[in-house]
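Enquirer: Mind having a look at this structure? Questions to follow.
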Amino acid sequence: MEVADTRSLAVENILIAHHLLKDVVLHTPLQKNEYLSEKYGANIYFKREDLQYVRSFKLRGAYYKIKKIEDAARTSGVVCASAGNHAQGVAFACAHLNIKGAIFMPLTTPKQKVDQVRMFGRNNIEIILAGDTFDDSAAAAMEYCEEHNMIFIHPFNDIDIVAGQGTVAVEVLNDVEEPLDFIFAGIGGGGLMAGISAYVKHISPNSKVIGVEPAGAASMKAAFENEGPITLDKIDKFCDGTAVQCVGSTTYEICKNYLDDIVLVPEGKVSTTILDLYNKHAIVAEPSGALPVAALDLYADQIKGKSVVVVITGGNNDISRMQEIKEKSLLYEGLLYYFIVSFPQRAGALRQFLTVVLGPNDDITTFEYTKKNNKESGPALVGIEVSKPEDYQGLVDRMRINGFEFKEVNKDSTLFGLLV
């Protein structure tokens, strides 16, 4: 796809999209968060795109694009590739405009998102699971599109998609009652941040626009450093809504012109933020939705005393992932450790481990012998949750003092991947 002239993404185009969408999408609330405002000494507002009809901002760009080509799309049908949220937006548009669509999703997509796509698309869409990543799925979708002479609806690298996503910024600037100092939002392929940054920088040029990427899939950061989009060899798929190996050429050009900074957040910190949003604020955010909230810690000094908007981009989180999210959070916070422990071949060794090695507030979360035979005298995988990171050193000291040989699985990524 050719790089679009970023001047074509004029404020007028985003306003046209806003006018077309205002009776289709939900004008999501801008809510002040008192807890975080007090924590950071700032006025922190959540833009709740997780409350959108498809629980994600992606409806905006998808509907606007398909509506603009409605007649041609009704004749040929449309195809898209998505990890979930763009797929739901396309499915919603297909059902409402009575257009046929084929939706490609990675095999790794959570079942909850696949089911949601099917629900929104009704009988107008076909779901095809292909590839392990978005990029694999997109390649399969493009082949299908050409073979069946259908129209491809790109999830981010399209000027109309960008204009539709930019309507988030229109609502933010219309609703905020004070000068906006910062706006944080996540980056996957870059469509949302391209639209937000283009609009905000034209209407409120002094506002700082901060893009946030998961550390394991920092494709826009890599593009900035490379001075052009580059495909990452490997990405962490945990933040599935932003797990993109290569950003768009169009979105890169726009973000390069307007973004003030890109912040990288570890996936473990995102997990902690998901749990905090749920426990403290009753907000169910998907990993990519919690991503920009997690970035506030990294900007704590700069945002003090400022007006800050954080876009919670989506709430399509599969409840079956909560154990994985909790574990990632505990590991990141230094509260969960895995060991291969070789128990001495003597009676009462396991009991000694439980009574002498474990601290009063330590808890065993995993215990599994690694050998099928001679279990009682063989090594075991032991997961131990401590109450605070400082308890770790005492734990390993007590294992050494009491003669328990061990290997720390956390410090061996290969072993961790095999056993945990």
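Here, A, B, ... name the chains of the structure tokens in the order displayed, residue numbers run from 1 inside each chain, and ligands are numbered from 1 in the same displayed order.
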Using only C-alpha atoms, which protein or nucleic acid residues come within 7 Å of Lys47 (chain A)? Drop anything in the same chain fewer than 4 positions from it, and give the result as a PDB file with N, CA, C and O atoms, in the first residue's frame.
Expert:
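Result file is selection-v8.pdb:
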ATOM      1  N   THR A  28     -18.805   7.520  23.903  1.00  0.00           N
ATOM      2  CA  THR A  28     -18.398   6.910  25.172  1.00  0.00           C
ATOM      3  C   THR A  28     -18.046   7.974  26.209  1.00  0.00           C
ATOM      4  O   THR A  28     -17.579   9.065  25.875  1.00  0.00           O
ATOM      5  N   PRO A  29     -18.250   7.666  27.488  1.00  0.00           N
ATOM      6  CA  PRO A  29     -18.030   8.669  28.536  1.00  0.00           C
ATOM      7  C   PRO A  29     -16.561   8.973  28.785  1.00  0.00           C
ATOM      8  O   PRO A  29     -15.680   8.141  28.573  1.00  0.00           O
ATOM      9  N   LEU A  30     -16.325  10.195  29.224  1.00  0.00           N
ATOM     10  CA  LEU A  30     -15.020  10.629  29.713  1.00  0.00           C
ATOM     11  C   LEU A  30     -15.176  10.766  31.222  1.00  0.00           C
ATOM     12  O   LEU A  30     -15.847  11.668  31.702  1.00  0.00           O
ATOM     13  N   GLN A  31     -14.555   9.858  31.966  1.00  0.00           N
ATOM     14  CA  GLN A  31     -14.792   9.777  33.404  1.00  0.00           C
ATOM     15  C   GLN A  31     -13.537  10.150  34.187  1.00  0.00           C
ATOM     16  O   GLN A  31     -12.470   9.585  33.947  1.00  0.00           O
ATOM     17  N   VAL A 309      -5.781  12.469  29.847  1.00  0.00           N
ATOM     18  CA  VAL A 309      -6.802  11.539  29.360  1.00  0.00           C
ATOM     19  C   VAL A 309      -6.117  10.246  28.959  1.00  0.00           C
ATOM     20  O   VAL A 309      -5.100  10.257  28.261  1.00  0.00           O
ATOM     21  N   VAL A 310      -6.667   9.133  29.427  1.00  0.00           N
ATOM     22  CA  VAL A 310      -6.167   7.807  29.076  1.00  0.00           C
ATOM     23  C   VAL A 310      -7.284   7.062  28.352  1.00  0.00           C
ATOM     24  O   VAL A 310      -8.389   6.926  28.885  1.00  0.00           O
ATOM     25  N   VAL A 311      -6.991   6.601  27.142  1.00  0.00           N
ATOM     26  CA  VAL A 311      -7.997   5.888  26.359  1.00  0.00           C
ATOM     27  C   VAL A 311      -7.945   4.404  26.701  1.00  0.00           C
ATOM     28  O   VAL A 311      -6.960   3.725  26.390  1.00  0.00           O
ATOM     29  N   ILE A 312      -8.985   3.914  27.362  1.00  0.00           N
ATOM     30  CA  ILE A 312      -9.112   2.472  27.599  1.00  0.00           C
ATOM     31  C   ILE A 312      -9.751   1.895  26.341  1.00  0.00           C
ATOM     32  O   ILE A 312     -10.949   2.018  26.124  1.00  0.00           O
TER      33      ILE A 312
END
Enquirer: Check the DSSP output for the backbone and give back, as a ChimeraX atom specification, the residues of region 184-259 of chain A in helix (DSSP H, G or I).
Expert: /A:191-203,215-217,219-226,240-242,249-258
Enquirer: Could you list, as a PDB file with N, CA, C and O atoms, in the first residue's frame, every residue within 6 Å of Val382 (chain A), counting only C-alpha atoms and ignoring same-chain residues fewer than 2 positions away?
Expert:
ATOM      1  N   TYR A 338       9.459 -19.938  40.905  1.00  0.00           N
ATOM      2  CA  TYR A 338       9.437 -21.373  40.623  1.00  0.00           C
ATOM      3  C   TYR A 338      10.841 -21.952  40.804  1.00  0.00           C
ATOM      4  O   TYR A 338      11.830 -21.350  40.382  1.00  0.00           O
ATOM      5  N   PHE A 339      10.905 -23.110  41.437  1.00  0.00           N
ATOM      6  CA  PHE A 339      12.173 -23.788  41.680  1.00  0.00           C
ATOM      7  C   PHE A 339      12.060 -25.260  41.293  1.00  0.00           C
ATOM      8  O   PHE A 339      10.987 -25.869  41.434  1.00  0.00           O
ATOM      9  N   THR A 366       2.288 -24.364  43.349  1.00  0.00           N
ATOM     10  CA  THR A 366       2.504 -25.500  42.447  1.00  0.00           C
ATOM     11  C   THR A 366       3.430 -26.500  43.126  1.00  0.00           C
ATOM     12  O   THR A 366       4.439 -26.101  43.728  1.00  0.00           O
ATOM     13  N   PHE A 367       3.091 -27.765  43.038  1.00  0.00           N
ATOM     14  CA  PHE A 367       4.006 -28.816  43.512  1.00  0.00           C
ATOM     15  C   PHE A 367       3.814 -30.019  42.612  1.00  0.00           C
ATOM     16  O   PHE A 367       2.730 -30.617  42.575  1.00  0.00           O
TER      17      PHE A 367
END
Enquirer: Measuring between only C-alpha atoms, which one of A:Ser56, A:Asn85, A:Gln165, A:Gln112 shows the shortest distance to Ile319 (chain A)?
Expert: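 Using only C-alpha atoms, Ile319 (chain A) sits closest to A:Gln112.
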Enquirer: Hey, can you check how far CA of Arg398 (chain A) sits from CA of Val357 (chain A)?
Expert: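 These two atoms are separated by 5.2 Å.
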Enquirer: Between CA of Gly189 (chain A) and CA of Val247 (chain A), what is the distance in Å, rounded to a tenth?
Expert: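 CA of Val247 (chain A) lies at a distance of 4.3 Å from CA of Gly189 (chain A).
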Enquirer: With only C-alpha atoms as the basis for distance, which of A:Cys255, A:Ala349, A:Val168, A:Ala295 is at the shortest distance from Arg48 (chain A)?
Expert: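 Closest candidate: A:Val168.
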Enquirer: Taking the chain letters and numbering used in this document, name the residues of region 113-307 of chain A that DSSP puts in strand (DSSP E or B), as a ChimeraX atom specification.
Expert: /A:125-129,151-152,182-186,208-214,261-265,307
Enquirer: Counting only C-alpha atoms, which residue out of A:Ser207, A:Thr313, A:Thr108, A:Gln245 sits closest to His86 (chain A)?
Expert: A:Thr313
Enquirer: So that I can check the surroundings of Ser288 (chain A), please list as a short mmCIF file (atom, residue, chain, number, x, y, z; two decimals) with all heavy atoms, in the first residue's frame every protein, DNA and RNA residue that reaches within 12 Å of it, counting only C-alpha atoms and ignoring chain neighbours fewer than 3 positions away.
Expert:
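File produced: part19.cif:
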data_model
loop_
_atom_site.label_atom_id
_atom_site.label_comp_id
_atom_site.auth_asym_id
_atom_site.auth_seq_id
_atom_site.Cartn_x
_atom_site.Cartn_y
_atom_site.Cartn_z
N GLU A 49 -13.62 3.60 25.90
CA GLU A 49 -13.96 2.90 24.67
C GLU A 49 -14.26 1.42 24.91
O GLU A 49 -14.77 0.73 24.03
CB GLU A 49 -12.85 3.06 23.63
CG GLU A 49 -12.83 4.40 22.94
CD GLU A 49 -14.10 4.67 22.15
OE1 GLU A 49 -14.33 3.99 21.13
OE2 GLU A 49 -14.88 5.55 22.56
N ASP A 50 -13.95 0.94 26.12
CA ASP A 50 -14.35 -0.42 26.48
C ASP A 50 -15.87 -0.54 26.61
O ASP A 50 -16.40 -1.66 26.64
CB ASP A 50 -13.68 -0.85 27.78
CG ASP A 50 -14.02 0.09 28.94
OD1 ASP A 50 -13.74 1.30 28.82
OD2 ASP A 50 -14.56 -0.38 29.96
N SER A 56 -14.95 -1.86 21.98
CA SER A 56 -13.66 -1.42 21.46
C SER A 56 -13.88 -0.26 20.49
O SER A 56 -14.91 -0.17 19.82
CB SER A 56 -12.96 -2.57 20.74
OG SER A 56 -12.03 -2.10 19.80
N PHE A 57 -12.86 0.61 20.40
CA PHE A 57 -12.90 1.74 19.47
C PHE A 57 -12.92 1.31 18.01
O PHE A 57 -13.25 2.10 17.12
CB PHE A 57 -11.68 2.64 19.70
CG PHE A 57 -10.39 2.03 19.20
CD1 PHE A 57 -9.92 2.32 17.93
CD2 PHE A 57 -9.66 1.17 19.99
CE1 PHE A 57 -8.74 1.74 17.46
CE2 PHE A 57 -8.49 0.60 19.55
CZ PHE A 57 -8.02 0.88 18.27
N ALA A 83 -7.12 -9.64 15.16
CA ALA A 83 -7.00 -10.44 16.37
C ALA A 83 -8.28 -10.42 17.18
O ALA A 83 -8.40 -11.09 18.19
CB ALA A 83 -5.84 -9.91 17.22
N GLY A 84 -9.26 -9.63 16.75
CA GLY A 84 -10.54 -9.65 17.44
C GLY A 84 -11.37 -8.39 17.36
O GLY A 84 -12.51 -8.41 16.93
N ASN A 85 -10.80 -7.25 17.76
CA ASN A 85 -11.61 -6.05 17.87
C ASN A 85 -11.98 -5.44 16.52
O ASN A 85 -13.12 -5.01 16.31
CB ASN A 85 -10.89 -5.02 18.74
CG ASN A 85 -10.85 -5.43 20.20
OD1 ASN A 85 -11.68 -6.23 20.64
ND2 ASN A 85 -9.90 -4.92 20.95
N ALA A 185 -2.64 6.63 24.72
CA ALA A 185 -3.42 5.55 24.09
C ALA A 185 -2.45 4.52 23.53
O ALA A 185 -1.29 4.81 23.26
CB ALA A 185 -4.33 6.09 22.99
N GLY A 186 -2.96 3.31 23.36
CA GLY A 186 -2.11 2.22 22.91
C GLY A 186 -1.85 2.25 21.41
O GLY A 186 -2.59 2.85 20.64
N ILE A 187 -0.76 1.58 21.03
CA ILE A 187 -0.39 1.46 19.62
C ILE A 187 -0.26 -0.01 19.27
O ILE A 187 0.47 -0.75 19.93
CB ILE A 187 0.94 2.15 19.31
CG1 ILE A 187 0.86 3.65 19.57
CG2 ILE A 187 1.35 1.90 17.84
CD1 ILE A 187 2.17 4.38 19.32
N GLY A 188 -0.98 -0.44 18.25
CA GLY A 188 -0.78 -1.75 17.65
C GLY A 188 -0.22 -1.50 16.26
O GLY A 188 0.98 -1.36 16.07
N VAL A 212 1.59 4.23 23.53
CA VAL A 212 2.04 3.20 24.47
C VAL A 212 2.02 1.84 23.76
O VAL A 212 1.02 1.46 23.16
CB VAL A 212 1.15 3.14 25.72
CG1 VAL A 212 1.75 2.18 26.75
CG2 VAL A 212 0.97 4.54 26.33
N GLU A 213 3.16 1.14 23.84
CA GLU A 213 3.27 -0.18 23.23
C GLU A 213 3.67 -1.22 24.27
O GLU A 213 4.40 -0.90 25.22
CB GLU A 213 4.33 -0.18 22.12
CG GLU A 213 3.95 0.57 20.88
CD GLU A 213 4.94 0.35 19.75
OE1 GLU A 213 6.09 0.79 19.87
OE2 GLU A 213 4.54 -0.26 18.74
N PRO A 214 3.24 -2.48 24.08
CA PRO A 214 3.76 -3.54 24.94
C PRO A 214 5.22 -3.78 24.62
O PRO A 214 5.62 -3.75 23.44
CB PRO A 214 2.89 -4.75 24.56
CG PRO A 214 2.39 -4.45 23.19
CD PRO A 214 2.27 -2.96 23.09
N ALA A 215 6.03 -4.00 25.64
CA ALA A 215 7.47 -4.16 25.43
C ALA A 215 7.79 -5.32 24.49
O ALA A 215 8.78 -5.28 23.76
CB ALA A 215 8.17 -4.35 26.77
N ALA A 217 6.10 -6.25 21.87
CA ALA A 217 5.61 -6.05 20.50
C ALA A 217 5.71 -4.57 20.14
O ALA A 217 4.73 -3.95 19.72
CB ALA A 217 4.17 -6.55 20.38
N LYS A 237 2.56 -12.23 22.23
CA LYS A 237 1.16 -12.11 21.81
C LYS A 237 0.21 -11.82 22.97
O LYS A 237 -1.01 -11.79 22.78
CB LYS A 237 0.71 -13.38 21.09
CG LYS A 237 1.59 -13.76 19.90
CD LYS A 237 1.07 -15.03 19.24
CE LYS A 237 2.04 -15.55 18.20
NZ LYS A 237 3.24 -16.16 18.79
N PHE A 238 0.75 -11.62 24.18
CA PHE A 238 -0.13 -11.44 25.34
C PHE A 238 -1.11 -10.29 25.15
O PHE A 238 -2.31 -10.42 25.36
CB PHE A 238 0.70 -11.22 26.61
CG PHE A 238 -0.13 -10.94 27.82
CD1 PHE A 238 -0.90 -11.92 28.40
CD2 PHE A 238 -0.14 -9.67 28.39
CE1 PHE A 238 -1.68 -11.66 29.51
CE2 PHE A 238 -0.92 -9.39 29.50
CZ PHE A 238 -1.69 -10.39 30.07
N CYS A 239 -0.61 -9.13 24.75
CA CYS A 239 -1.49 -7.98 24.45
C CYS A 239 -1.99 -8.15 23.01
O CYS A 239 -1.54 -7.45 22.10
CB CYS A 239 -0.74 -6.66 24.62
SG CYS A 239 -0.22 -6.32 26.31
N ASP A 240 -2.92 -9.08 22.82
CA ASP A 240 -3.27 -9.50 21.47
C ASP A 240 -3.81 -8.38 20.60
O ASP A 240 -3.63 -8.38 19.39
CB ASP A 240 -4.26 -10.67 21.52
CG ASP A 240 -5.42 -10.44 22.46
OD1 ASP A 240 -5.20 -10.40 23.68
OD2 ASP A 240 -6.56 -10.27 21.98
N GLY A 241 -4.44 -7.38 21.19
CA GLY A 241 -4.99 -6.28 20.40
C GLY A 241 -3.93 -5.34 19.85
O GLY A 241 -4.19 -4.57 18.92
N THR A 242 -2.73 -5.40 20.42
CA THR A 242 -1.62 -4.54 19.95
C THR A 242 -0.41 -5.37 19.53
O THR A 242 0.68 -4.82 19.34
CB THR A 242 -1.21 -3.54 21.04
OG1 THR A 242 -1.12 -4.20 22.30
CG2 THR A 242 -2.21 -2.40 21.15
N ALA A 243 -0.57 -6.67 19.39
CA ALA A 243 0.54 -7.55 19.02
C ALA A 243 0.68 -7.60 17.51
O ALA A 243 0.20 -8.53 16.85
CB ALA A 243 0.32 -8.95 19.60
N VAL A 244 1.32 -6.58 16.95
CA VAL A 244 1.49 -6.45 15.50
C VAL A 244 2.99 -6.43 15.19
O VAL A 244 3.74 -5.68 15.80
CB VAL A 244 0.81 -5.16 14.99
CG1 VAL A 244 1.09 -4.95 13.52
CG2 VAL A 244 -0.69 -5.24 15.24
N VAL A 265 5.77 -0.71 27.81
CA VAL A 265 5.33 -1.24 29.10
C VAL A 265 5.47 -2.76 29.11
O VAL A 265 4.96 -3.43 28.20
CB VAL A 265 3.86 -0.86 29.39
CG1 VAL A 265 3.40 -1.45 30.71
CG2 VAL A 265 3.70 0.66 29.41
N PRO A 266 6.14 -3.34 30.11
CA PRO A 266 6.25 -4.80 30.19
C PRO A 266 4.88 -5.47 30.34
O PRO A 266 3.98 -4.92 30.99
CB PRO A 266 7.10 -5.02 31.46
CG PRO A 266 7.80 -3.72 31.69
CD PRO A 266 6.87 -2.66 31.19
N GLU A 267 4.74 -6.63 29.75
CA GLU A 267 3.47 -7.34 29.80
C GLU A 267 3.06 -7.68 31.23
O GLU A 267 1.86 -7.71 31.55
CB GLU A 267 3.55 -8.61 28.95
CG GLU A 267 3.41 -8.40 27.45
CD GLU A 267 4.63 -7.77 26.79
OE1 GLU A 267 5.67 -7.59 27.46
OE2 GLU A 267 4.55 -7.45 25.59
N LYS A 269 3.56 -5.81 33.86
CA LYS A 269 2.97 -4.60 34.44
C LYS A 269 1.55 -4.39 33.90
O LYS A 269 0.66 -3.91 34.63
CB LYS A 269 3.85 -3.38 34.13
CG LYS A 269 3.37 -2.11 34.82
CD LYS A 269 4.39 -1.00 34.68
CE LYS A 269 3.94 0.25 35.42
NZ LYS A 269 3.74 0.03 36.87
N VAL A 270 1.34 -4.73 32.65
CA VAL A 270 -0.01 -4.66 32.08
C VAL A 270 -0.95 -5.58 32.86
O VAL A 270 -2.09 -5.21 33.18
CB VAL A 270 -0.01 -5.05 30.59
CG1 VAL A 270 -1.44 -5.13 30.05
CG2 VAL A 270 0.80 -4.04 29.78
N SER A 271 -0.46 -6.76 33.21
CA SER A 271 -1.28 -7.72 33.96
C SER A 271 -1.67 -7.16 35.32
O SER A 271 -2.82 -7.28 35.75
CB SER A 271 -0.50 -9.03 34.15
OG SER A 271 -0.23 -9.63 32.90
N THR A 273 -1.98 -4.06 36.07
CA THR A 273 -2.94 -2.99 35.82
C THR A 273 -4.34 -3.54 35.53
O THR A 273 -5.34 -2.98 35.98
CB THR A 273 -2.47 -2.11 34.64
OG1 THR A 273 -1.15 -1.61 34.94
CG2 THR A 273 -3.41 -0.95 34.41
N ILE A 274 -4.42 -4.65 34.79
CA ILE A 274 -5.72 -5.29 34.53
C ILE A 274 -6.40 -5.64 35.85
O ILE A 274 -7.59 -5.37 36.06
CB ILE A 274 -5.55 -6.56 33.68
CG1 ILE A 274 -5.09 -6.21 32.26
CG2 ILE A 274 -6.87 -7.34 33.61
CD1 ILE A 274 -4.68 -7.42 31.44
N VAL A 284 -13.48 -3.95 33.47
CA VAL A 284 -12.93 -5.14 32.83
C VAL A 284 -12.23 -4.70 31.55
O VAL A 284 -12.88 -4.38 30.55
CB VAL A 284 -14.03 -6.17 32.51
CG1 VAL A 284 -13.43 -7.38 31.80
CG2 VAL A 284 -14.75 -6.60 33.79
N ALA A 285 -10.90 -4.65 31.59
CA ALA A 285 -10.12 -4.21 30.44
C ALA A 285 -9.34 -5.38 29.87
O ALA A 285 -8.83 -6.23 30.61
CB ALA A 285 -9.16 -3.10 30.83
N LEU A 291 -3.17 -1.25 28.77
CA LEU A 291 -1.81 -0.84 28.43
C LEU A 291 -1.51 0.63 28.69
O LEU A 291 -0.52 0.95 29.37
CB LEU A 291 -1.56 -1.20 26.95
CG LEU A 291 -0.21 -0.89 26.33
CD1 LEU A 291 0.89 -1.71 26.99
CD2 LEU A 291 -0.25 -1.17 24.82
N PRO A 292 -2.32 1.59 28.21
CA PRO A 292 -1.99 3.00 28.45
C PRO A 292 -2.14 3.42 29.91
O PRO A 292 -1.45 4.34 30.36
CB PRO A 292 -2.97 3.76 27.55
CG PRO A 292 -4.08 2.81 27.30
CD PRO A 292 -3.48 1.45 27.31
N VAL A 293 -3.01 2.75 30.66
CA VAL A 293 -3.13 3.05 32.09
C VAL A 293 -1.83 2.65 32.80
O VAL A 293 -1.33 3.37 33.68
CB VAL A 293 -4.32 2.31 32.72
CG1 VAL A 293 -4.47 2.70 34.20
CG2 VAL A 293 -5.62 2.63 31.96
N ALA A 294 -1.26 1.52 32.38
CA ALA A 294 -0.01 1.04 32.97
C ALA A 294 1.13 2.01 32.73
O ALA A 294 2.10 2.05 33.51
CB ALA A 294 0.33 -0.34 32.40
N ALA A 295 1.05 2.81 31.67
CA ALA A 295 2.13 3.73 31.33
C ALA A 295 2.19 4.95 32.25
O ALA A 295 3.20 5.66 32.28
CB ALA A 295 1.99 4.20 29.88
N VAL A 311 -6.99 6.60 27.14
CA VAL A 311 -8.00 5.89 26.36
C VAL A 311 -7.95 4.40 26.70
O VAL A 311 -6.96 3.73 26.39
CB VAL A 311 -7.79 6.08 24.85
CG1 VAL A 311 -8.91 5.39 24.06
CG2 VAL A 311 -7.73 7.57 24.50
N ILE A 312 -8.99 3.91 27.36
CA ILE A 312 -9.11 2.47 27.60
C ILE A 312 -9.75 1.90 26.34
O ILE A 312 -10.95 2.02 26.12
CB ILE A 312 -9.95 2.17 28.85
CG1 ILE A 312 -9.27 2.78 30.08
CG2 ILE A 312 -10.13 0.66 29.03
CD1 ILE A 312 -9.97 2.52 31.38
N THR A 313 -8.91 1.30 25.51
CA THR A 313 -9.32 1.02 24.13
C THR A 313 -10.26 -0.15 23.97
O THR A 313 -10.96 -0.24 22.96
CB THR A 313 -8.07 0.77 23.26
OG1 THR A 313 -7.25 -0.21 23.92
CG2 THR A 313 -7.28 2.05 23.08
N GLY A 314 -10.27 -1.09 24.93
CA GLY A 314 -11.14 -2.24 24.74
C GLY A 314 -11.36 -3.03 26.01
O GLY A 314 -10.54 -2.99 26.94
N GLY A 315 -12.49 -3.75 26.05
CA GLY A 315 -12.83 -4.55 27.22
C GLY A 315 -13.16 -5.99 26.88
O GLY A 315 -13.89 -6.65 27.61
N ASN A 316 -12.62 -6.47 25.76
CA ASN A 316 -12.90 -7.85 25.35
C ASN A 316 -11.87 -8.80 25.97
O ASN A 316 -10.95 -9.27 25.31
CB ASN A 316 -12.89 -7.97 23.82
CG ASN A 316 -14.11 -7.32 23.22
OD1 ASN A 316 -15.23 -7.69 23.52
ND2 ASN A 316 -13.89 -6.32 22.38
N ASN A 317 -12.04 -9.07 27.25
CA ASN A 317 -11.13 -9.95 27.97
C ASN A 317 -11.82 -11.26 28.28
O ASN A 317 -12.92 -11.28 28.83
CB ASN A 317 -10.65 -9.29 29.27
CG ASN A 317 -9.34 -9.87 29.75
OD1 ASN A 317 -8.82 -10.83 29.19
ND2 ASN A 317 -8.79 -9.28 30.80
#
Enquirer: Between A:Leu180, A:Val78, A:Ala139, A:Ile340, which residue has the minimum interatomic distance to Met105 (chain A), considering only C-alpha atoms?
Expert: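 Of A:Leu180, A:Val78, A:Ala139, A:Ile340, the one nearest Met105 (chain A) is A:Ala139, counting only C-alpha atoms.
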Enquirer: Please provide as an MDAnalysis selection string all residues within 12 Å of Thr167 (chain A), with the sequence filter that same-chain residues fewer than 4 positions apart are discarded (counting only C-alpha atoms).
Expert: chainID A and resid 11:22 25:28 49 57:61 64 160:163 171:174 191:200
